[in-house]
Amino acid sequence: MTDVTPHRTGFFTDTSICIGCKACEVACKEWNDVPDDGFVFRATSYDNTGSLGADTWRHVAFIERPRPASEDGDGDGLEGWLMSSDVCKHCTHAACLDVCPTGALFRTEFETVVVQADVCNGCGYCVPACPYGVIARREPDGRAFKCTMCYDRQLGGLEPACAKACPTDSIQFGPLDELRARAEERVRSLHEQGRTEARLYGASPDDGVGGDGAFFLLLDEPEVYGLPPDPVVTTRDLPQMWRWAAGAALSLTGVVALSFLGARAGRGLQGRGPSDRGLLSRGLPGRSLLALGPLERGRGR
């Protein structure tokens, strides 16, 4: 019988061949009907989208590399550019899935993470849960949106729109295991060419999120690209936190119970006379004065 179980799919973004054309951004918006970003001109960069968000599911960053200052003090200008098309990482251990109270976020048969807009209630719990700051809420209605890795296209046997539109194959789509092997070979090739700064980001299953479904080949430190150097799933300590909370609740319940029993015993003593308290101190807590004989009552005095 033929195995028809889908393989885990993903993105491998090779930033060494990204030309910053933003074809991926346009294709993503057109296919997924994502609203525009407001066409804001940012005087600090040629990048007009700025960052990932509810209305930017693919973002091509233009990173300027200043020319080092020379001995004569001439340090003006740029040494070059770093281009990188960022996207949701579709984490193996996705904190956004852990905190979603409505099930709007779910993991598909391709192991990607998708938001169902018609189920999202706009609580926003997923926004701070994401270690990469990817997911965001759309201002008009408050619901969360992000990359779906073109789930509908995958169901139809098509590659995502961004990968289809990329003219240099900087964005590569396919089975995740194959992409990781291809990426390792690409890094070795670049090292042989003398570009020893090339490294993979998000490809290791042993990192803080269990490996990303969308990983990158970078030519500098992750911080230069605006990526966290050591991302960790934000709900990692959640089970331990619940255990501590349960222990604290049980301890508080025990303290309240003891306090209640102590107060009840105190009220019982206040209702007795001096003779009763004397008898209690002699080990006769269960007998009242009426139940004692004359001789015992006399001793009680």
# chains A, B, ... in the order shown; residues from 1 in each chain; ligands from 1

call {"tool": "select_by_dssp", "arguments": {"residues": "segment 67-285 of chain A", "states": "alpha helix (DSSP H)", "output": "NGL selection string"}}
result
:A and (95-99 or 126-129 or 151-155 or 161-165 or 176-192 or 238-270 or 274-281)

call {"tool": "residues_around", "arguments": {"residues": "Arg58 of chain A", "least_positions_apart": "5", "cutoff": "7 Å", "atoms": "only C-alpha atoms", "output": "PDB file with all heavy atoms, in the first residue's frame"}}
result
ATOM      1  N   CYS A  24       8.309  38.202  -3.402  1.00  0.00           N
ATOM      2  CA  CYS A  24       7.649  37.310  -2.451  1.00  0.00           C
ATOM      3  C   CYS A  24       6.572  38.041  -1.659  1.00  0.00           C
ATOM      4  O   CYS A  24       5.491  37.489  -1.393  1.00  0.00           O
ATOM      5  CB  CYS A  24       8.677  36.671  -1.523  1.00  0.00           C
ATOM      6  SG  CYS A  24       9.743  37.848  -0.664  1.00  0.00           S
ATOM      7  N   GLU A  25       6.864  39.285  -1.261  1.00  0.00           N
ATOM      8  CA  GLU A  25       5.879  40.073  -0.519  1.00  0.00           C
ATOM      9  C   GLU A  25       4.633  40.307  -1.360  1.00  0.00           C
ATOM     10  O   GLU A  25       3.497  40.158  -0.891  1.00  0.00           O
ATOM     11  CB  GLU A  25       6.477  41.418  -0.107  1.00  0.00           C
ATOM     12  CG  GLU A  25       7.456  41.353   1.046  1.00  0.00           C
ATOM     13  CD  GLU A  25       7.776  42.729   1.604  1.00  0.00           C
ATOM     14  OE1 GLU A  25       6.950  43.658   1.413  1.00  0.00           O
ATOM     15  OE2 GLU A  25       8.835  42.892   2.227  1.00  0.00           O
ATOM     16  N   CYS A  28       2.632  37.056  -1.934  1.00  0.00           N
ATOM     17  CA  CYS A  28       1.928  36.667  -0.703  1.00  0.00           C
ATOM     18  C   CYS A  28       0.657  37.484  -0.530  1.00  0.00           C
ATOM     19  O   CYS A  28      -0.410  36.946  -0.224  1.00  0.00           O
ATOM     20  CB  CYS A  28       2.851  36.847   0.493  1.00  0.00           C
ATOM     21  SG  CYS A  28       2.074  36.513   2.084  1.00  0.00           S
ATOM     22  N   LEU A  52       7.568  42.121  10.014  1.00  0.00           N
ATOM     23  CA  LEU A  52       6.424  41.223   9.885  1.00  0.00           C
ATOM     24  C   LEU A  52       5.270  41.729  10.745  1.00  0.00           C
ATOM     25  O   LEU A  52       5.474  42.388  11.754  1.00  0.00           O
ATOM     26  CB  LEU A  52       6.807  39.803  10.325  1.00  0.00           C
ATOM     27  CG  LEU A  52       7.797  39.039   9.452  1.00  0.00           C
ATOM     28  CD1 LEU A  52       8.202  37.736  10.141  1.00  0.00           C
ATOM     29  CD2 LEU A  52       7.203  38.747   8.081  1.00  0.00           C
ATOM     30  N   SER A  85      14.502  37.609   3.330  1.00  0.00           N
ATOM     31  CA  SER A  85      13.041  37.541   3.331  1.00  0.00           C
ATOM     32  C   SER A  85      12.584  36.759   4.558  1.00  0.00           C
ATOM     33  O   SER A  85      12.712  35.534   4.613  1.00  0.00           O
ATOM     34  CB  SER A  85      12.544  36.864   2.049  1.00  0.00           C
ATOM     35  OG  SER A  85      11.135  36.793   2.042  1.00  0.00           O
ATOM     36  N   ASP A  86      12.063  37.463   5.544  1.00  0.00           N
ATOM     37  CA  ASP A  86      11.650  36.852   6.809  1.00  0.00           C
ATOM     38  C   ASP A  86      10.207  36.371   6.711  1.00  0.00           C
ATOM     39  O   ASP A  86       9.413  36.853   5.888  1.00  0.00           O
ATOM     40  CB  ASP A  86      11.787  37.875   7.942  1.00  0.00           C
ATOM     41  CG  ASP A  86      11.807  37.215   9.305  1.00  0.00           C
ATOM     42  OD1 ASP A  86      11.856  35.971   9.375  1.00  0.00           O
ATOM     43  OD2 ASP A  86      11.772  37.954  10.316  1.00  0.00           O
ATOM     44  N   VAL A  87       9.848  35.426   7.578  1.00  0.00           N
ATOM     45  CA  VAL A  87       8.522  34.814   7.555  1.00  0.00           C
ATOM     46  C   VAL A  87       8.291  34.112   8.887  1.00  0.00           C
ATOM     47  O   VAL A  87       9.220  33.948   9.686  1.00  0.00           O
ATOM     48  CB  VAL A  87       8.429  33.796   6.379  1.00  0.00           C
ATOM     49  CG1 VAL A  87       9.271  32.552   6.658  1.00  0.00           C
ATOM     50  CG2 VAL A  87       6.990  33.441   6.039  1.00  0.00           C
TER      51      VAL A  87
END

call {"tool": "atom_distance", "arguments": {"atom1": "atom CA of Ala198 of chain A", "atom2": "atom CA of Ser16 of chain A"}}
result
8.4 Å

call {"tool": "closest_residue", "arguments": {"among": "A:Glu64, A:Ala95, A:Arg188, A:Gly10", "to": "Gln154 of chain A", "atoms": "only C-alpha atoms"}}
result
A:Gly10

call {"tool": "atom_distance", "arguments": {"atom1": "atom CA of Asp212 of chain A", "atom2": "atom CA of Asp14 of chain A"}}
result
14.6 Å

call {"tool": "select_by_dssp", "arguments": {"residues": "segment 10-250 of chain A", "states": "strand (DSSP E or B)", "output": "count of residues only"}}
result
53

call {"tool": "residues_around", "arguments": {"residues": "Leu219 of chain A", "least_positions_apart": "2", "cutoff": "9 Å", "atoms": "only C-alpha atoms", "output": "list in words"}}
result
Thr15, Ser16, Leu82, Arg195, Thr196, Glu197, Ala198, Arg199, Leu200, Leu217, Glu221 and Pro222 of chain A

call {"tool": "atom_distance", "arguments": {"atom1": "atom CA of His191 of chain A", "atom2": "atom CA of Thr9 of chain A"}}
result
26.7 Å

call {"tool": "closest_residue", "arguments": {"among": "A:Leu97, A:Ala263, A:Val34, A:Ala163", "to": "Val114 of chain A", "atoms": "only C-alpha atoms"}}
result
A:Leu97

call {"tool": "closest_residue", "arguments": {"among": "A:Gly20, A:Gly262, A:Met149, A:Gly174", "to": "Cys162 of chain A", "atoms": "only C-alpha atoms"}}
result
A:Met149

call {"tool": "closest_residue", "arguments": {"among": "A:Pro6, A:Pro131, A:Gly226, A:Gly247", "to": "Val209 of chain A", "atoms": "only C-alpha atoms"}}
result
A:Pro131

call {"tool": "residues_around", "arguments": {"residues": "Ala203 of chain A", "least_positions_apart": "3", "cutoff": "10 Å", "atoms": "only C-alpha atoms", "output": "list in words"}}
result
Phe12, Leu176, Asp177, Leu179, Arg180, Ala181, Ala183, Glu184, Arg199, Leu200, Asp206, Asp207, Gly210, Gly211, Asp212, Gly213, Ala214, Phe215, Phe216 and Leu217 of chain A

call {"tool": "write_last_selection", "arguments": {"atoms": "all heavy atoms", "output": "short mmCIF file (atom, residue, chain, number, x, y, z; two decimals), in the first residue's frame"}}
result
data_model
loop_
_atom_site.label_atom_id
_atom_site.label_comp_id
_atom_site.auth_asym_id
_atom_site.auth_seq_id
_atom_site.Cartn_x
_atom_site.Cartn_y
_atom_site.Cartn_z
N PHE A 12 13.29 26.95 3.13
CA PHE A 12 14.71 27.24 3.33
C PHE A 12 14.99 28.53 2.57
O PHE A 12 14.90 28.58 1.34
CB PHE A 12 15.59 26.10 2.82
CG PHE A 12 17.04 26.48 2.64
CD1 PHE A 12 17.70 27.24 3.61
CD2 PHE A 12 17.75 26.08 1.51
CE1 PHE A 12 19.04 27.59 3.45
CE2 PHE A 12 19.08 26.43 1.34
CZ PHE A 12 19.73 27.19 2.30
N LEU A 176 10.91 19.06 4.65
CA LEU A 176 11.85 19.73 5.54
C LEU A 176 13.18 18.99 5.63
O LEU A 176 14.25 19.62 5.66
CB LEU A 176 11.23 19.89 6.93
CG LEU A 176 11.98 20.78 7.91
CD1 LEU A 176 12.13 22.19 7.36
CD2 LEU A 176 11.26 20.82 9.26
N ASP A 177 13.16 17.67 5.68
CA ASP A 177 14.41 16.91 5.78
C ASP A 177 15.29 17.14 4.56
O ASP A 177 16.52 17.29 4.68
CB ASP A 177 14.11 15.41 5.93
CG ASP A 177 13.48 15.09 7.28
OD1 ASP A 177 13.66 15.88 8.21
OD2 ASP A 177 12.84 14.02 7.39
N LEU A 179 15.25 19.81 2.64
CA LEU A 179 15.73 21.19 2.68
C LEU A 179 16.92 21.33 3.63
O LEU A 179 17.88 22.05 3.33
CB LEU A 179 14.60 22.13 3.11
CG LEU A 179 13.44 22.31 2.12
CD1 LEU A 179 12.37 23.19 2.75
CD2 LEU A 179 13.93 22.91 0.81
N ARG A 180 16.88 20.65 4.76
CA ARG A 180 17.99 20.73 5.72
C ARG A 180 19.26 20.14 5.12
O ARG A 180 20.36 20.70 5.28
CB ARG A 180 17.62 20.00 7.01
CG ARG A 180 16.63 20.78 7.88
CD ARG A 180 16.14 19.96 9.05
NE ARG A 180 15.30 20.74 9.95
CZ ARG A 180 14.55 20.23 10.91
NH1 ARG A 180 14.53 18.92 11.11
NH2 ARG A 180 13.81 21.01 11.69
N ALA A 181 19.14 19.02 4.41
CA ALA A 181 20.31 18.42 3.77
C ALA A 181 20.86 19.34 2.68
O ALA A 181 22.08 19.53 2.56
CB ALA A 181 19.94 17.06 3.18
N ALA A 183 20.56 22.58 2.60
CA ALA A 183 21.14 23.76 3.25
C ALA A 183 22.54 23.46 3.78
O ALA A 183 23.45 24.30 3.68
CB ALA A 183 20.24 24.22 4.39
N GLU A 184 22.75 22.28 4.36
CA GLU A 184 24.08 21.91 4.85
C GLU A 184 25.08 21.88 3.71
O GLU A 184 26.22 22.36 3.85
CB GLU A 184 24.01 20.53 5.53
CG GLU A 184 23.22 20.49 6.83
CD GLU A 184 23.98 21.10 8.00
OE1 GLU A 184 25.15 21.48 7.82
OE2 GLU A 184 23.38 21.21 9.08
N ARG A 199 26.19 30.66 7.92
CA ARG A 199 25.73 29.73 8.94
C ARG A 199 24.22 29.55 8.80
O ARG A 199 23.54 30.40 8.23
CB ARG A 199 26.11 30.22 10.34
CG ARG A 199 25.23 31.24 11.01
CD ARG A 199 25.36 32.66 10.47
NE ARG A 199 26.71 33.17 10.45
CZ ARG A 199 27.30 33.78 11.49
NH1 ARG A 199 26.63 33.98 12.61
NH2 ARG A 199 28.51 34.27 11.37
N LEU A 200 23.71 28.42 9.35
CA LEU A 200 22.28 28.15 9.32
C LEU A 200 21.63 28.64 10.61
O LEU A 200 22.22 28.60 11.68
CB LEU A 200 22.01 26.66 9.14
CG LEU A 200 22.44 26.04 7.81
CD1 LEU A 200 22.10 24.55 7.78
CD2 LEU A 200 21.78 26.76 6.64
N ASP A 206 17.53 20.59 17.84
CA ASP A 206 17.93 20.64 19.25
C ASP A 206 17.91 22.05 19.82
O ASP A 206 18.36 22.27 20.94
CB ASP A 206 19.33 20.06 19.42
CG ASP A 206 19.41 18.60 19.00
OD1 ASP A 206 18.42 17.87 19.26
OD2 ASP A 206 20.43 18.20 18.41
N ASP A 207 17.41 23.02 19.06
CA ASP A 207 17.39 24.39 19.58
C ASP A 207 16.20 24.59 20.52
O ASP A 207 15.46 23.64 20.82
CB ASP A 207 17.41 25.42 18.46
CG ASP A 207 16.14 25.40 17.60
OD1 ASP A 207 15.13 24.79 18.02
OD2 ASP A 207 16.15 25.97 16.49
N GLY A 210 12.79 23.44 19.14
CA GLY A 210 12.72 22.14 18.48
C GLY A 210 12.98 22.19 16.99
O GLY A 210 12.68 21.24 16.28
N GLY A 211 13.54 23.29 16.53
CA GLY A 211 13.77 23.45 15.09
C GLY A 211 12.62 24.18 14.44
O GLY A 211 11.46 24.03 14.83
N ASP A 212 12.94 24.99 13.43
CA ASP A 212 11.91 25.77 12.73
C ASP A 212 11.52 25.10 11.43
O ASP A 212 12.34 24.48 10.75
CB ASP A 212 12.44 27.18 12.41
CG ASP A 212 12.68 28.00 13.67
OD1 ASP A 212 11.93 27.81 14.64
OD2 ASP A 212 13.60 28.83 13.67
N GLY A 213 10.25 25.28 11.08
CA GLY A 213 9.78 24.81 9.78
C GLY A 213 10.21 25.75 8.67
O GLY A 213 10.15 25.38 7.49
N ALA A 214 10.61 26.94 9.02
CA ALA A 214 11.16 27.91 8.07
C ALA A 214 12.50 28.37 8.63
O ALA A 214 12.54 29.07 9.64
CB ALA A 214 10.21 29.09 7.89
N PHE A 215 13.59 27.96 7.99
CA PHE A 215 14.91 28.29 8.51
C PHE A 215 15.71 29.03 7.44
O PHE A 215 15.28 29.15 6.28
CB PHE A 215 15.64 27.03 8.98
CG PHE A 215 15.94 26.03 7.90
CD1 PHE A 215 17.20 25.99 7.31
CD2 PHE A 215 14.99 25.12 7.46
CE1 PHE A 215 17.50 25.07 6.31
CE2 PHE A 215 15.27 24.20 6.46
CZ PHE A 215 16.53 24.18 5.88
N PHE A 216 16.90 29.54 7.83
CA PHE A 216 17.61 30.50 7.00
C PHE A 216 19.10 30.19 6.93
O PHE A 216 19.68 29.63 7.86
CB PHE A 216 17.44 31.92 7.58
CG PHE A 216 16.01 32.34 7.72
CD1 PHE A 216 15.25 31.93 8.81
CD2 PHE A 216 15.40 33.15 6.77
CE1 PHE A 216 13.93 32.31 8.94
CE2 PHE A 216 14.09 33.54 6.90
CZ PHE A 216 13.35 33.12 7.99
N LEU A 217 19.70 30.60 5.83
CA LEU A 217 21.15 30.69 5.72
C LEU A 217 21.50 32.16 5.85
O LEU A 217 21.05 32.99 5.06
CB LEU A 217 21.64 30.13 4.38
CG LEU A 217 23.16 30.03 4.19
CD1 LEU A 217 23.51 28.94 3.19
CD2 LEU A 217 23.79 31.36 3.73
#

call {"tool": "residues_around", "arguments": {"residues": "Asp33 of chain A", "least_positions_apart": "5", "cutoff": "12 Å", "atoms": "only C-alpha atoms", "output": "number ranges by chain"}}
result
A: 25-28, 54-57, 145, 147, 150, 161

call {"tool": "write_last_selection", "arguments": {"atoms": "all heavy atoms", "output": "PDB file, in the first residue's frame"}}
result
ATOM      1  N   GLU A  25       6.864  39.285  -1.261  1.00  0.00           N
ATOM      2  CA  GLU A  25       5.879  40.073  -0.519  1.00  0.00           C
ATOM      3  C   GLU A  25       4.633  40.307  -1.360  1.00  0.00           C
ATOM      4  O   GLU A  25       3.497  40.158  -0.891  1.00  0.00           O
ATOM      5  CB  GLU A  25       6.477  41.418  -0.107  1.00  0.00           C
ATOM      6  CG  GLU A  25       7.456  41.353   1.046  1.00  0.00           C
ATOM      7  CD  GLU A  25       7.776  42.729   1.604  1.00  0.00           C
ATOM      8  OE1 GLU A  25       6.950  43.658   1.413  1.00  0.00           O
ATOM      9  OE2 GLU A  25       8.835  42.892   2.227  1.00  0.00           O
ATOM     10  N   VAL A  26       4.848  40.678  -2.607  1.00  0.00           N
ATOM     11  CA  VAL A  26       3.718  40.978  -3.494  1.00  0.00           C
ATOM     12  C   VAL A  26       2.894  39.718  -3.764  1.00  0.00           C
ATOM     13  O   VAL A  26       1.657  39.738  -3.701  1.00  0.00           O
ATOM     14  CB  VAL A  26       4.220  41.588  -4.819  1.00  0.00           C
ATOM     15  CG1 VAL A  26       3.064  41.792  -5.785  1.00  0.00           C
ATOM     16  CG2 VAL A  26       4.932  42.906  -4.564  1.00  0.00           C
ATOM     17  N   ALA A  27       3.568  38.600  -4.047  1.00  0.00           N
ATOM     18  CA  ALA A  27       2.865  37.358  -4.331  1.00  0.00           C
ATOM     19  C   ALA A  27       2.048  36.893  -3.129  1.00  0.00           C
ATOM     20  O   ALA A  27       0.916  36.415  -3.268  1.00  0.00           O
ATOM     21  CB  ALA A  27       3.865  36.280  -4.736  1.00  0.00           C
ATOM     22  N   CYS A  28       2.632  37.056  -1.934  1.00  0.00           N
ATOM     23  CA  CYS A  28       1.928  36.667  -0.703  1.00  0.00           C
ATOM     24  C   CYS A  28       0.657  37.484  -0.530  1.00  0.00           C
ATOM     25  O   CYS A  28      -0.410  36.946  -0.224  1.00  0.00           O
ATOM     26  CB  CYS A  28       2.851  36.847   0.493  1.00  0.00           C
ATOM     27  SG  CYS A  28       2.074  36.513   2.084  1.00  0.00           S
ATOM     28  N   ALA A  54       0.494  41.613  11.025  1.00  0.00           N
ATOM     29  CA  ALA A  54      -0.772  41.055  10.566  1.00  0.00           C
ATOM     30  C   ALA A  54      -1.017  41.325   9.092  1.00  0.00           C
ATOM     31  O   ALA A  54      -1.719  40.555   8.419  1.00  0.00           O
ATOM     32  CB  ALA A  54      -1.924  41.630  11.399  1.00  0.00           C
ATOM     33  N   ASP A  55      -0.446  42.410   8.555  1.00  0.00           N
ATOM     34  CA  ASP A  55      -0.613  42.754   7.147  1.00  0.00           C
ATOM     35  C   ASP A  55       0.668  42.553   6.345  1.00  0.00           C
ATOM     36  O   ASP A  55       0.755  42.978   5.193  1.00  0.00           O
ATOM     37  CB  ASP A  55      -1.085  44.212   7.015  1.00  0.00           C
ATOM     38  CG  ASP A  55      -2.453  44.434   7.637  1.00  0.00           C
ATOM     39  OD1 ASP A  55      -3.232  43.460   7.700  1.00  0.00           O
ATOM     40  OD2 ASP A  55      -2.739  45.562   8.064  1.00  0.00           O
ATOM     41  N   THR A  56       1.663  41.921   6.946  1.00  0.00           N
ATOM     42  CA  THR A  56       2.923  41.620   6.252  1.00  0.00           C
ATOM     43  C   THR A  56       3.356  40.222   6.660  1.00  0.00           C
ATOM     44  O   THR A  56       3.969  40.044   7.711  1.00  0.00           O
ATOM     45  CB  THR A  56       4.017  42.640   6.610  1.00  0.00           C
ATOM     46  OG1 THR A  56       3.551  43.960   6.351  1.00  0.00           O
ATOM     47  CG2 THR A  56       5.277  42.394   5.784  1.00  0.00           C
ATOM     48  N   TRP A  57       3.030  39.232   5.841  1.00  0.00           N
ATOM     49  CA  TRP A  57       3.346  37.848   6.178  1.00  0.00           C
ATOM     50  C   TRP A  57       4.718  37.439   5.656  1.00  0.00           C
ATOM     51  O   TRP A  57       5.293  36.464   6.119  1.00  0.00           O
ATOM     52  CB  TRP A  57       2.270  36.911   5.626  1.00  0.00           C
ATOM     53  CG  TRP A  57       0.907  37.178   6.180  1.00  0.00           C
ATOM     54  CD1 TRP A  57       0.552  38.141   7.085  1.00  0.00           C
ATOM     55  CD2 TRP A  57      -0.298  36.481   5.868  1.00  0.00           C
ATOM     56  NE1 TRP A  57      -0.785  38.079   7.363  1.00  0.00           N
ATOM     57  CE2 TRP A  57      -1.341  37.073   6.617  1.00  0.00           C
ATOM     58  CE3 TRP A  57      -0.609  35.416   5.023  1.00  0.00           C
ATOM     59  CZ2 TRP A  57      -2.662  36.628   6.550  1.00  0.00           C
ATOM     60  CZ3 TRP A  57      -1.925  34.978   4.945  1.00  0.00           C
ATOM     61  CH2 TRP A  57      -2.938  35.568   5.706  1.00  0.00           C
ATOM     62  N   PHE A 145      -3.244  37.406  12.684  1.00  0.00           N
ATOM     63  CA  PHE A 145      -2.950  36.880  11.350  1.00  0.00           C
ATOM     64  C   PHE A 145      -1.455  36.644  11.228  1.00  0.00           C
ATOM     65  O   PHE A 145      -0.644  37.337  11.856  1.00  0.00           O
ATOM     66  CB  PHE A 145      -3.399  37.858  10.265  1.00  0.00           C
ATOM     67  CG  PHE A 145      -4.883  38.022  10.145  1.00  0.00           C
ATOM     68  CD1 PHE A 145      -5.552  38.965  10.922  1.00  0.00           C
ATOM     69  CD2 PHE A 145      -5.618  37.241   9.276  1.00  0.00           C
ATOM     70  CE1 PHE A 145      -6.921  39.124  10.818  1.00  0.00           C
ATOM     71  CE2 PHE A 145      -6.992  37.391   9.169  1.00  0.00           C
ATOM     72  CZ  PHE A 145      -7.646  38.330   9.935  1.00  0.00           C
ATOM     73  N   CYS A 147       1.608  34.160   8.446  1.00  0.00           N
ATOM     74  CA  CYS A 147       1.822  33.256   7.316  1.00  0.00           C
ATOM     75  C   CYS A 147       1.171  31.892   7.574  1.00  0.00           C
ATOM     76  O   CYS A 147       1.284  31.326   8.662  1.00  0.00           O
ATOM     77  CB  CYS A 147       3.320  33.094   7.079  1.00  0.00           C
ATOM     78  SG  CYS A 147       3.776  31.662   6.081  1.00  0.00           S
ATOM     79  N   CYS A 150       0.806  29.062   2.809  1.00  0.00           N
ATOM     80  CA  CYS A 150      -0.151  28.791   1.724  1.00  0.00           C
ATOM     81  C   CYS A 150      -0.756  27.394   1.867  1.00  0.00           C
ATOM     82  O   CYS A 150      -0.643  26.540   0.974  1.00  0.00           O
ATOM     83  CB  CYS A 150       0.511  28.965   0.371  1.00  0.00           C
ATOM     84  SG  CYS A 150       0.753  30.698  -0.113  1.00  0.00           S
ATOM     85  N   ALA A 161       3.003  30.728  -2.665  1.00  0.00           N
ATOM     86  CA  ALA A 161       3.122  31.798  -3.654  1.00  0.00           C
ATOM     87  C   ALA A 161       4.473  32.489  -3.602  1.00  0.00           C
ATOM     88  O   ALA A 161       5.044  32.841  -4.639  1.00  0.00           O
ATOM     89  CB  ALA A 161       2.000  32.814  -3.444  1.00  0.00           C
TER      90      ALA A 161
END
